[in-house]
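Okay, coords-v1.txt is below, compact mmCIF, C-alpha atoms:
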# COMPACT_ATOMS: atom_id res chain seq x y z
CA MET A 6 118.47 133.16 42.19
CA LYS A 7 116.07 133.66 45.10
CA THR A 8 116.71 130.10 46.29
CA ASP A 9 120.46 130.68 46.28
CA PHE A 10 120.00 134.08 47.95
CA LEU A 11 118.15 132.51 50.86
CA LYS A 12 120.43 129.46 51.03
CA TYR A 13 123.89 131.01 50.78
CA GLN A 14 123.59 134.66 51.86
CA ALA A 15 123.04 135.26 55.57
CA GLN A 16 119.83 137.17 56.23
CA THR A 17 118.84 139.88 58.71
CA THR A 18 115.19 138.81 58.98
CA ASN A 19 112.98 135.92 57.97
CA THR A 20 111.07 138.18 55.58
CA PRO A 21 113.44 140.00 53.20
CA LEU A 22 111.80 141.96 50.38
CA ALA A 23 113.68 139.66 47.97
CA ILE A 24 113.34 141.73 44.81
CA GLU A 25 115.71 140.38 42.16
CA ILE A 26 117.56 143.47 40.93
CA SER A 27 118.50 143.94 37.30
CA TYR A 28 119.69 147.57 37.26
CA ALA A 29 118.96 150.99 38.75
CA LYS A 30 118.93 154.45 37.18
CA GLY A 31 117.98 157.85 38.56
CA SER A 32 115.08 157.47 40.98
CA TYR A 33 114.17 153.96 39.82
CA VAL A 34 115.19 150.39 40.58
CA TYR A 35 114.36 147.67 38.02
CA ASP A 36 113.90 143.98 38.75
CA THR A 37 114.64 140.97 36.55
CA ASN A 38 110.98 140.90 35.43
CA LYS A 39 111.42 144.44 34.02
CA LYS A 40 109.20 145.92 36.71
CA LYS A 41 110.33 149.37 37.83
CA TYR A 42 110.11 150.75 41.35
CA LEU A 43 110.14 154.43 42.25
CA ASP A 44 112.72 154.62 45.03
CA PHE A 45 111.66 156.53 48.16
CA ILE A 46 114.36 154.78 50.24
CA ALA A 47 117.65 155.62 48.44
CA GLY A 48 119.43 152.61 49.89
CA VAL A 49 118.38 153.80 53.38
CA SER A 50 119.58 157.39 52.84
CA ALA A 51 122.77 156.30 51.05
CA ASN A 52 122.14 157.09 47.38
CA THR A 53 122.29 160.87 47.70
CA LEU A 54 122.36 161.49 43.93
CA GLY A 55 120.14 158.57 42.96
CA HIS A 56 121.25 155.51 41.05
CA SER A 57 124.01 155.32 38.42
CA ASN A 58 124.71 159.04 38.55
CA THR A 59 126.90 159.83 35.55
CA LYS A 60 129.40 162.00 37.47
CA ILE A 61 129.88 159.32 40.13
CA ILE A 62 130.26 156.52 37.58
CA LYS A 63 132.81 158.60 35.62
CA ALA A 64 134.84 159.28 38.78
CA ILE A 65 134.80 155.58 39.73
CA LYS A 66 135.89 154.46 36.24
CA GLU A 67 138.71 157.00 36.07
CA GLN A 68 140.07 155.92 39.45
CA ALA A 69 139.73 152.23 38.57
CA ASP A 70 141.86 152.83 35.50
CA ASP A 71 144.64 154.28 37.69
CA TYR A 72 144.75 151.94 40.68
CA LEU A 73 142.66 150.43 43.45
CA HIS A 74 143.93 149.61 46.94
CA VAL A 75 147.67 150.17 47.33
CA MET A 76 148.34 150.50 51.07
CA VAL A 77 146.73 150.62 54.50
CA TYR A 78 145.21 153.92 55.59
CA GLY A 79 147.50 156.83 56.33
CA GLU A 80 150.74 155.68 54.70
CA PHE A 81 150.60 156.69 51.02
CA ILE A 82 149.50 160.03 49.59
CA GLN A 83 146.55 159.46 47.26
CA LYS A 84 144.82 162.25 45.36
CA LYS A 85 141.14 161.41 45.88
CA PRO A 86 141.18 160.73 49.65
CA VAL A 87 143.18 163.92 50.24
CA ALA A 88 140.83 165.97 48.06
CA LEU A 89 137.79 164.51 49.82
CA ALA A 90 139.13 165.31 53.28
CA LYS A 91 140.08 168.83 52.20
CA LEU A 92 136.64 169.53 50.71
CA LEU A 93 134.91 168.33 53.86
CA VAL A 94 137.12 170.49 56.09
CA ASN A 95 136.64 173.55 53.87
CA ASN A 96 132.89 173.31 54.43
CA LEU A 97 132.95 172.75 58.20
CA PRO A 98 133.58 174.95 61.26
CA LYS A 99 137.24 175.71 62.00
CA ASN A 100 137.48 173.28 64.92
CA LEU A 101 136.63 170.38 62.60
CA ASN A 102 139.76 170.50 60.50
CA GLN A 103 140.95 166.90 60.16
CA VAL A 104 139.19 163.85 58.73
CA TYR A 105 139.74 160.17 59.47
CA LEU A 106 138.25 158.07 56.65
CA VAL A 107 136.85 154.62 57.42
CA ASN A 108 134.58 152.08 55.74
CA SER A 109 131.17 152.66 57.32
CA GLY A 110 129.14 154.72 59.74
CA THR A 111 129.50 152.23 62.56
CA GLU A 112 133.30 152.28 62.17
CA ALA A 113 133.18 156.07 62.35
CA THR A 114 131.25 155.75 65.61
CA GLU A 115 133.88 153.39 66.99
CA GLY A 116 136.66 155.78 66.07
CA ALA A 117 134.86 158.77 67.57
CA LEU A 118 134.28 156.98 70.89
CA LYS A 119 137.93 155.92 71.08
CA LEU A 120 139.05 159.45 70.32
CA ALA A 121 136.78 160.95 72.98
CA LYS A 122 138.21 158.63 75.62
CA ARG A 123 141.72 159.41 74.50
CA VAL A 124 141.17 163.20 74.59
CA THR A 125 139.45 163.35 77.98
CA LYS A 126 141.14 160.41 79.71
CA ARG A 127 137.66 159.47 80.93
CA THR A 128 135.60 156.35 80.29
CA GLU A 129 131.95 157.24 80.85
CA ILE A 130 129.89 157.68 77.69
CA ILE A 131 126.40 159.16 77.62
CA ALA A 132 124.01 158.34 74.78
CA ALA A 133 120.30 158.68 74.10
CA LYS A 134 117.55 156.16 74.64
CA LEU A 135 116.42 154.63 71.34
CA ALA A 136 119.57 155.92 69.63
CA TYR A 137 121.10 154.10 66.69
CA HIS A 138 124.78 154.59 65.83
CA GLY A 139 125.64 151.32 64.11
CA ASN A 140 125.75 147.60 64.83
CA THR A 141 129.28 146.67 65.83
CA GLN A 142 129.67 146.03 69.56
CA GLY A 143 131.01 149.45 70.52
CA SER A 144 128.31 151.19 68.51
CA MET A 145 125.61 148.90 69.93
CA SER A 146 126.78 149.88 73.40
CA VAL A 147 125.60 153.45 72.76
CA CYS A 148 122.32 152.38 71.14
CA GLY A 149 119.63 152.75 73.74
CA ALA A 150 117.38 149.87 72.70
CA GLU A 151 117.75 146.99 75.12
CA LYS A 152 115.61 144.71 72.97
CA GLN A 153 118.37 144.87 70.33
CA ASN A 154 121.27 144.73 72.75
CA ARG A 155 120.40 142.12 75.36
CA ALA A 156 121.39 139.11 73.27
CA PHE A 157 124.92 140.47 72.81
CA ARG A 158 125.84 141.61 76.30
CA PRO A 159 128.28 142.27 77.85
CA LEU A 160 128.94 145.36 75.75
CA LEU A 161 131.01 148.44 76.64
CA PRO A 162 130.88 149.34 80.34
CA ASN A 163 130.24 152.84 81.73
CA VAL A 164 127.53 153.80 79.24
CA ARG A 165 124.58 155.79 80.59
CA PHE A 166 121.46 156.84 78.76
CA ILE A 167 119.48 160.06 78.70
CA GLU A 168 116.19 160.88 77.03
CA PHE A 169 116.52 162.89 73.82
CA ASN A 170 115.09 166.42 74.24
CA ASN A 171 114.79 166.02 78.03
CA LEU A 172 116.65 168.98 79.53
CA SER A 173 116.41 167.67 83.09
CA ASP A 174 118.56 164.69 82.06
CA LEU A 175 121.51 166.95 81.25
CA SER A 176 122.55 166.88 84.90
CA LYS A 177 123.70 163.30 84.24
CA ILE A 178 126.55 164.76 82.16
CA THR A 179 129.33 165.23 84.73
CA THR A 180 133.08 165.54 85.15
CA LYS A 181 133.22 161.75 84.75
CA THR A 182 131.80 161.94 81.23
CA ALA A 183 134.16 161.47 78.30
CA CYS A 184 131.54 162.33 75.69
CA VAL A 185 127.89 162.65 74.89
CA ILE A 186 127.02 161.01 71.60
CA LEU A 187 123.75 161.98 69.92
CA GLU A 188 122.16 161.70 66.52
CA THR A 189 121.44 165.23 65.37
CA ILE A 190 118.05 163.87 64.34
CA GLN A 191 117.13 160.57 65.99
CA GLY A 192 116.67 158.09 63.15
CA GLY A 193 115.52 154.67 64.33
CA ALA A 194 113.42 156.26 67.07
CA GLY A 195 111.16 157.87 64.48
CA PHE A 196 112.99 160.86 62.94
CA ILE A 197 112.81 162.91 66.13
CA LEU A 198 113.99 166.52 65.81
CA PRO A 199 115.81 168.35 68.61
CA LYS A 200 113.58 170.96 70.29
CA LYS A 201 114.01 174.13 72.36
CA ASP A 202 117.73 174.59 71.64
CA TYR A 203 118.34 171.10 72.98
CA LEU A 204 121.63 170.54 71.14
CA LYS A 205 122.91 173.96 72.15
CA LYS A 206 122.15 173.22 75.79
CA VAL A 207 123.84 169.82 75.58
CA LYS A 208 126.91 171.51 74.12
CA GLU A 209 126.92 174.11 76.93
CA ARG A 210 126.69 171.36 79.55
CA CYS A 211 129.53 169.42 77.90
CA GLU A 212 131.75 172.52 77.90
CA LYS A 213 130.95 173.16 81.57
CA VAL A 214 132.12 169.70 82.68
CA GLY A 215 134.87 169.13 80.12
CA ALA A 216 133.08 166.43 78.12
CA LEU A 217 133.07 166.23 74.32
CA LEU A 218 129.96 166.43 72.16
CA VAL A 219 129.90 163.84 69.38
CA LEU A 220 127.16 164.35 66.78
CA ASP A 221 126.14 161.50 64.51
CA GLU A 222 125.25 162.86 61.07
CA ILE A 223 125.46 159.51 59.31
CA GLN A 224 121.87 159.74 58.11
CA SER A 225 121.03 163.44 58.44
CA GLY A 226 124.19 164.72 56.75
CA ILE A 227 125.32 165.39 53.16
CA GLY A 228 122.46 167.73 52.37
CA ARG A 229 119.55 165.55 53.43
CA THR A 230 117.98 168.27 55.57
CA GLY A 231 118.95 171.23 53.38
CA LYS A 232 122.39 171.98 54.81
CA LEU A 233 125.54 169.93 54.53
CA PHE A 234 125.01 168.79 58.14
CA GLU A 235 121.95 169.21 60.31
CA PHE A 236 123.95 170.68 63.23
CA MET A 237 124.52 173.78 61.07
CA TYR A 238 120.92 174.81 61.81
CA HIS A 239 121.59 174.87 65.55
CA ASP A 240 124.35 177.45 66.01
CA ILE A 241 126.81 174.94 67.46
CA SER A 242 129.85 173.00 66.40
CA PRO A 243 130.40 169.51 67.84
CA ASP A 244 133.82 168.37 69.04
CA ILE A 245 133.57 165.36 66.76
CA VAL A 246 131.16 164.80 63.89
CA ILE A 247 130.44 161.40 62.34
CA THR A 248 129.37 160.92 58.73
CA GLY A 249 128.76 158.02 56.35
CA LYS A 250 125.83 156.71 54.27
CA GLY A 251 125.09 159.49 51.78
CA LEU A 252 128.71 160.62 51.56
CA GLY A 253 129.68 157.59 49.46
CA GLY A 254 127.21 158.12 46.64
CA GLY A 255 126.27 154.44 46.81
CA LEU A 256 129.60 153.00 47.96
CA PRO A 257 130.55 152.16 51.58
CA ILE A 258 132.25 154.93 53.55
CA GLY A 259 132.40 156.58 56.95
CA ALA A 260 134.42 159.33 58.56
CA PHE A 261 134.91 160.94 61.94
CA ILE A 262 136.04 164.55 61.92
CA ALA A 263 137.63 166.57 64.73
CA SER A 264 140.47 169.02 65.33
CA ASP A 265 143.98 168.16 64.26
CA LYS A 266 145.07 168.53 67.88
CA LYS A 267 142.62 165.84 68.98
CA MET A 268 143.39 163.56 66.05
CA ALA A 269 147.12 163.73 66.83
CA LEU A 270 146.47 161.74 69.99
CA LEU A 271 145.77 158.66 67.88
CA LYS A 272 149.39 158.69 66.63
CA GLU A 273 151.17 158.16 69.95
CA ASN A 274 150.80 156.32 73.28
CA PRO A 275 150.09 153.98 71.61
CA LYS A 276 151.20 154.38 68.03
CA LEU A 277 148.57 153.23 65.55
CA GLY A 278 145.84 154.18 68.02
CA HIS A 279 143.26 153.72 65.29
CA ILE A 280 143.95 151.80 62.09
CA THR A 281 142.04 150.51 59.09
CA THR A 282 143.14 148.63 55.99
CA PHE A 283 140.58 149.90 53.50
CA GLY A 284 139.57 153.26 55.03
CA GLY A 285 140.26 156.02 52.51
CA ASN A 286 140.15 153.54 49.63
CA PRO A 287 140.77 155.61 46.48
CA LEU A 288 137.84 154.17 44.51
CA ILE A 289 135.42 154.89 47.36
CA ALA A 290 136.96 158.33 47.89
CA ALA A 291 136.52 159.13 44.18
CA SER A 292 132.82 158.31 44.42
CA ALA A 293 132.45 160.32 47.64
CA LEU A 294 134.33 163.30 46.22
CA ALA A 295 132.10 163.40 43.13
CA THR A 296 129.03 163.14 45.36
CA LEU A 297 130.15 165.89 47.72
CA GLN A 298 131.14 168.22 44.86
CA GLU A 299 127.71 167.83 43.27
CA VAL A 300 125.87 168.40 46.55
CA LEU A 301 127.91 171.54 47.27
CA ASN A 302 128.02 173.00 43.76
CA SER A 303 124.48 172.27 42.56
CA ASN A 304 121.13 173.63 43.70
CA LEU A 305 120.12 170.34 45.34
CA MET A 306 120.40 171.47 48.97
CA ASN A 307 118.39 174.61 48.21
CA GLN A 308 115.59 172.43 46.85
CA VAL A 309 115.38 170.05 49.81
CA LEU A 310 113.06 172.06 52.04
CA GLU A 311 110.75 172.87 49.09
CA LYS A 312 110.53 169.16 48.32
CA GLU A 313 109.69 168.53 51.96
CA LYS A 314 106.85 171.06 51.68
CA LEU A 315 105.54 169.23 48.63
CA PHE A 316 105.53 165.90 50.49
CA ARG A 317 103.69 167.48 53.42
CA LYS A 318 101.19 169.19 51.11
CA LEU A 319 100.37 165.99 49.23
CA LEU A 320 100.38 163.47 52.07
CA LYS A 321 97.19 164.47 53.80
CA HIS A 322 94.92 161.61 54.88
CA THR A 323 92.87 160.74 57.93
CA ALA A 324 95.08 157.67 58.49
CA ILE A 325 98.26 159.79 58.71
CA LEU A 326 98.70 160.92 62.31
CA GLU A 327 101.75 163.10 61.62
CA ILE A 328 104.81 163.43 59.43
CA ARG A 329 108.03 163.63 61.40
CA GLY A 330 111.49 164.62 60.30
CA LYS A 331 112.98 167.31 58.12
CA GLY A 332 113.96 167.82 54.51
CA LEU A 333 114.11 164.50 52.69
CA MET A 334 114.30 162.53 55.94
CA LEU A 335 110.60 162.00 56.66
CA ALA A 336 108.57 159.46 58.60
CA VAL A 337 104.85 159.07 57.98
CA ILE A 338 103.27 157.93 61.25
CA VAL A 339 100.12 155.81 61.17
CA GLU A 340 98.12 154.21 63.97
CA THR A 341 99.71 150.77 64.25
CA PRO A 342 102.82 148.86 63.12
CA GLU A 343 100.53 146.41 61.33
CA LEU A 344 99.03 149.21 59.27
CA ALA A 345 102.47 150.62 58.44
CA SER A 346 103.64 147.22 57.20
CA LYS A 347 100.51 146.72 55.14
CA ILE A 348 101.02 150.10 53.44
CA ILE A 349 104.72 149.50 52.77
CA LEU A 350 104.09 146.08 51.21
CA LYS A 351 101.10 147.20 49.13
CA CYS A 352 103.10 150.16 47.83
CA LEU A 353 105.86 147.73 46.90
CA ASP A 354 103.36 145.80 44.79
CA ARG A 355 102.40 149.09 43.08
CA GLY A 356 106.01 149.91 42.27
CA LEU A 357 106.95 152.26 45.12
CA LEU A 358 109.80 151.49 47.52
CA LEU A 359 109.16 152.48 51.13
CA PHE A 360 110.71 151.04 54.28
CA TRP A 361 110.49 150.70 58.05
CA LEU A 362 112.32 152.40 60.92
CA LEU A 363 114.13 150.35 63.55
CA PHE A 364 112.33 151.26 66.77
CA GLU A 365 109.16 153.09 65.69
CA GLY A 366 106.92 150.44 64.18
CA ARG A 367 104.22 152.93 63.16
CA ALA A 368 106.61 154.79 60.86
CA ILE A 369 106.89 154.62 57.09
CA ARG A 370 110.30 155.78 55.91
CA ILE A 371 110.57 158.33 53.11
CA THR A 372 114.22 159.13 52.32
CA PRO A 373 114.47 159.49 48.54
CA PRO A 374 117.53 160.68 46.62
CA LEU A 375 118.09 164.43 46.76
CA THR A 376 117.71 164.33 42.98
CA ILE A 377 114.08 163.19 43.17
CA SER A 378 111.91 165.36 40.92
CA ASN A 379 108.67 167.07 41.92
CA THR A 380 106.84 164.93 39.38
CA GLU A 381 108.26 161.76 40.94
CA ILE A 382 107.26 162.99 44.40
CA GLU A 383 103.71 163.55 43.13
CA GLN A 384 103.59 160.10 41.54
CA GLY A 385 104.84 158.37 44.68
CA CYS A 386 102.47 160.26 46.97
CA GLU A 387 99.56 159.36 44.72
CA ILE A 388 100.43 155.68 45.14
CA ILE A 389 100.59 156.09 48.94
CA LEU A 390 97.21 157.84 49.06
CA THR A 391 95.61 155.22 46.80
CA VAL A 392 96.91 152.43 49.01
CA LEU A 393 95.73 154.25 52.15
CA ASN A 394 92.23 154.48 50.72
CA GLU A 395 92.28 150.76 49.98
CA VAL A 396 93.47 149.59 53.39
CA ILE A 397 91.44 151.95 55.59
Encoding of this model in C-alpha cells:
Amino acid sequence: MKTDFLKYQAQTTNTPLAIEISYAKGSYVYDTNKKKYLDFIAGVSANTLGHSNTKIIKAIKEQADDYLHVMVYGEFIQKKPVALAKLLVNNLPKNLNQVYLVNSGTEATEGALKLAKRVTKRTEIIAAKLAYHGNTQGSMSVCGAEKQNRAFRPLLPNVRFIEFNNLSDLSKITTKTACVILETIQGGAGFILPKKDYLKKVKERCEKVGALLVLDEIQSGIGRTGKLFEFMYHDISPDIVITGKGLGGGLPIGAFIASDKKMALLKENPKLGHITTFGGNPLIAASALATLQEVLNSNLMNQVLEKEKLFRKLLKHTAILEIRGKGLMLAVIVETPELASKIILKCLDRGLLLFWLLFEGRAIRITPPLTISNTEIEQGCEIILTVLNEVI
C-alpha cells in the first residue's frame, strides 16, 4: 500500500510519516502491523473527542440512514445544520448571531474576508506576520510567511502585515482598512499568546477607524484552551469569528460567524454573494453537533487547564527551553529544528505521535484530544523524557 500511496496520492512533502493505518480508538491510532500509537496530535487539533467516539459515530450513522447531500447550501431546511448553527449562536456573544457553514477552515477564512469587504466597502486587509489562516489563495494572502507565499504570487492585493503583540503597529490600522484578521493564538508561528490586552487594544483601534476585527479560532476553538473560544478570555467580541478543525469531530467543516445584519449583505448586490455546494452537509453537521454538545455538556473544558498543568509539571528537562501555548495547545521548544525533528521521529518509533509547527522549526506540537486521560498524559511525557535523555 505504501508504494501505491506514494505513486498515486499527491504528497505535501518528500518525507511523509507513512504509517499504514488500520483503525483508531480513543487516544490511540493502530497501524497494519498492530502497533499502537498514543496520539498527541489529534489530527492536528481536529479530533476533539478522540477517535471513533461513540456519540459521534452514532450521530453519523443515524444521519446516514436518513439522507446525505440533498441540495446546495442555504436552500433546504435540514435538522442537523440548523441545530448546529443554533447551538453555536446560543453559546456566543449577542453580536455573533448567524452562522455560515462551509467545508474547511480556509473556506471560512475566505468567506470572512469577503464579508468584511462587503460590510465596510473597503479593500485593505491587515494580518499578522507569520500568521496561518489556510492554504487557498485568499487565505495565503493573509498568511505572513513569504517563504510559503512567493511561489504563488500574485495573491490578493492591498494586504499589509503587522507584528503580533506589537502595539506600535496598531497605527497601521486606518480608515482604509476593511478588517484586521488575527489568530487568537498564533499557531504556525509557535503557539504565541496575545499579551498585555493586545486583542482588546486591536479591537479598540478597529472600532475607532471603522474596521472589522476577524478572529481565527480554527485551531484554538471548541474547548481547546478551556473555553469554547479563546477570545472569551479577553473581554472582547470579534465582528467575525472563524472556526473549523475541532468542530467537526474528525470530519471536514468550517464556519464563519457574524451578525445577521452583516450576513444579509451576502444575499444581495450581488445575489449569491457567497455560495458552497457541500457546506452545511447534514452528515458533517451531525458529527459537529454531537461534538459540540459533548464539549458543552461534559466536564471536558473544565479539565483542560488542569491537564495543561500536568503537562508542564511533567515536561521538565534541560533540553526544553520553554513550553508555549495554552490548554491542550502546547509547543515544546528545544534548541534547534534538527533536535525537534529527531525527538519527534524517535517518539514515533516508541509509539507516540508528535508533530511539527509550520514556521517555528524548534517546536514540538502537543495537541491531544480533549478526552486524553491523565494516565495517558503521564505515559506520553515519560516517552518524551526518555527520548530526550537519549538524544542529548
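The protein and nucleic acid residues lying at most 7 Å from segment 319-330 of chain A are Phe196, Ile197, Leu198, Ala336, Val337, Ile338, Val339, Glu340 and Cys386 of chain A, with only C-alpha atoms considered and sequence neighbours fewer than 6 positions away removed.
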Using all atoms listed in the file, find each residue of segment 245-347 of chain A with at least one atom at most 12 Å away from an atom of segment 26-48 of chain A; report its shortest atom-to-atom pair and that distance in Å (one decimal), sort the rows by chain and rising residue number, and return the result as a tab-separated table.
residue	atom	partner	partner_atom	distance
A:Lys250	CA	A:Gly48	CA	8.8
A:Gly251	CA	A:Ala47	CA	9.0
A:Gly253	CA	A:Gly48	CA	11.4
A:Gly254	CA	A:Ala47	CA	10.0
A:Gly255	CA	A:Gly48	CA	7.7
A:Leu256	CA	A:Gly48	CA	10.4
A:Pro257	CA	A:Gly48	CA	11.3
A:Phe316	CA	A:Phe45	CA	11.4
A:Leu333	CA	A:Phe45	CA	9.5
A:Met334	CA	A:Ile46	CA	9.6
A:Leu335	CA	A:Phe45	CA	10.2
A:Ala336	CA	A:Ile46	CA	11.2
Residue subset to file, keeping C-alpha atoms, as a compact mmCIF listing (two decimals), in the frame of the given file:
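See out-v4.txt below for the written result:
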# COMPACT_ATOMS: atom_id res chain seq x y z
CA LYS A 250 125.83 156.71 54.27
CA GLY A 251 125.09 159.49 51.78
CA GLY A 253 129.68 157.59 49.46
CA GLY A 254 127.21 158.12 46.64
CA GLY A 255 126.27 154.44 46.81
CA LEU A 256 129.60 153.00 47.96
CA PRO A 257 130.55 152.16 51.58
CA PHE A 316 105.53 165.90 50.49
CA LEU A 333 114.11 164.50 52.69
CA MET A 334 114.30 162.53 55.94
CA LEU A 335 110.60 162.00 56.66
CA ALA A 336 108.57 159.46 58.60
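What separates atom CA of Asp221 of chain A from atom CA of Pro374 of chain A is a distance of 19.9 Å.
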*Is there a way to get, as an MDAnalysis selection string, all residues within 12 Å of the point (137.1, 170.4, 48.6) in file coordinates, counting only C-alpha atoms?*
chainID A and resid 84:97 293:302
Kindly export the residues of the current selection with C-alpha atoms, as a JSON list (two decimals), in the frame of the given file.
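And here's again_22.json as it stands now:
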[["chain", "number", "residue", "atom", "x", "y", "z"],
["A", 84, "LYS", "CA", 144.82, 162.25, 45.36],
["A", 85, "LYS", "CA", 141.14, 161.41, 45.88],
["A", 86, "PRO", "CA", 141.18, 160.73, 49.65],
["A", 87, "VAL", "CA", 143.18, 163.92, 50.24],
["A", 88, "ALA", "CA", 140.83, 165.97, 48.06],
["A", 89, "LEU", "CA", 137.79, 164.51, 49.82],
["A", 90, "ALA", "CA", 139.13, 165.31, 53.28],
["A", 91, "LYS", "CA", 140.08, 168.83, 52.20],
["A", 92, "LEU", "CA", 136.64, 169.53, 50.71],
["A", 93, "LEU", "CA", 134.91, 168.33, 53.86],
["A", 94, "VAL", "CA", 137.12, 170.49, 56.09],
["A", 95, "ASN", "CA", 136.64, 173.55, 53.87],
["A", 96, "ASN", "CA", 132.89, 173.31, 54.43],
["A", 97, "LEU", "CA", 132.95, 172.75, 58.20],
["A", 293, "ALA", "CA", 132.45, 160.32, 47.64],
["A", 294, "LEU", "CA", 134.33, 163.30, 46.22],
["A", 295, "ALA", "CA", 132.10, 163.40, 43.13],
["A", 296, "THR", "CA", 129.03, 163.14, 45.36],
["A", 297, "LEU", "CA", 130.15, 165.89, 47.72],
["A", 298, "GLN", "CA", 131.14, 168.22, 44.86],
["A", 299, "GLU", "CA", 127.71, 167.83, 43.27],
["A", 300, "VAL", "CA", 125.87, 168.40, 46.55],
["A", 301, "LEU", "CA", 127.91, 171.54, 47.27],
["A", 302, "ASN", "CA", 128.02, 173.00, 43.76]]
_Within 12 Å of file point (135.8, 165.2, 57.8), counting only C-alpha atoms, expressed as a VMD selection string_ = chain A and resid 86 to 107 113 117 222 to 223 226 to 227 233 to 234 244 to 249 252 258 to 265 268 285 293 to 294 297
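Nearest residue to Val147 of chain A, choosing from A:Thr179, A:Thr125, A:Thr114, A:Ser378 and counting only C-alpha atoms: A:Thr114.
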*Quick one: everything within 6 Å of segment 182-189 of chain A, counting only C-alpha atoms, minus sequence neighbours fewer than 5 positions away in the same chain. Send it as a PyMOL selection string.*
chain A and resi 121-122+125+127-132+216-221
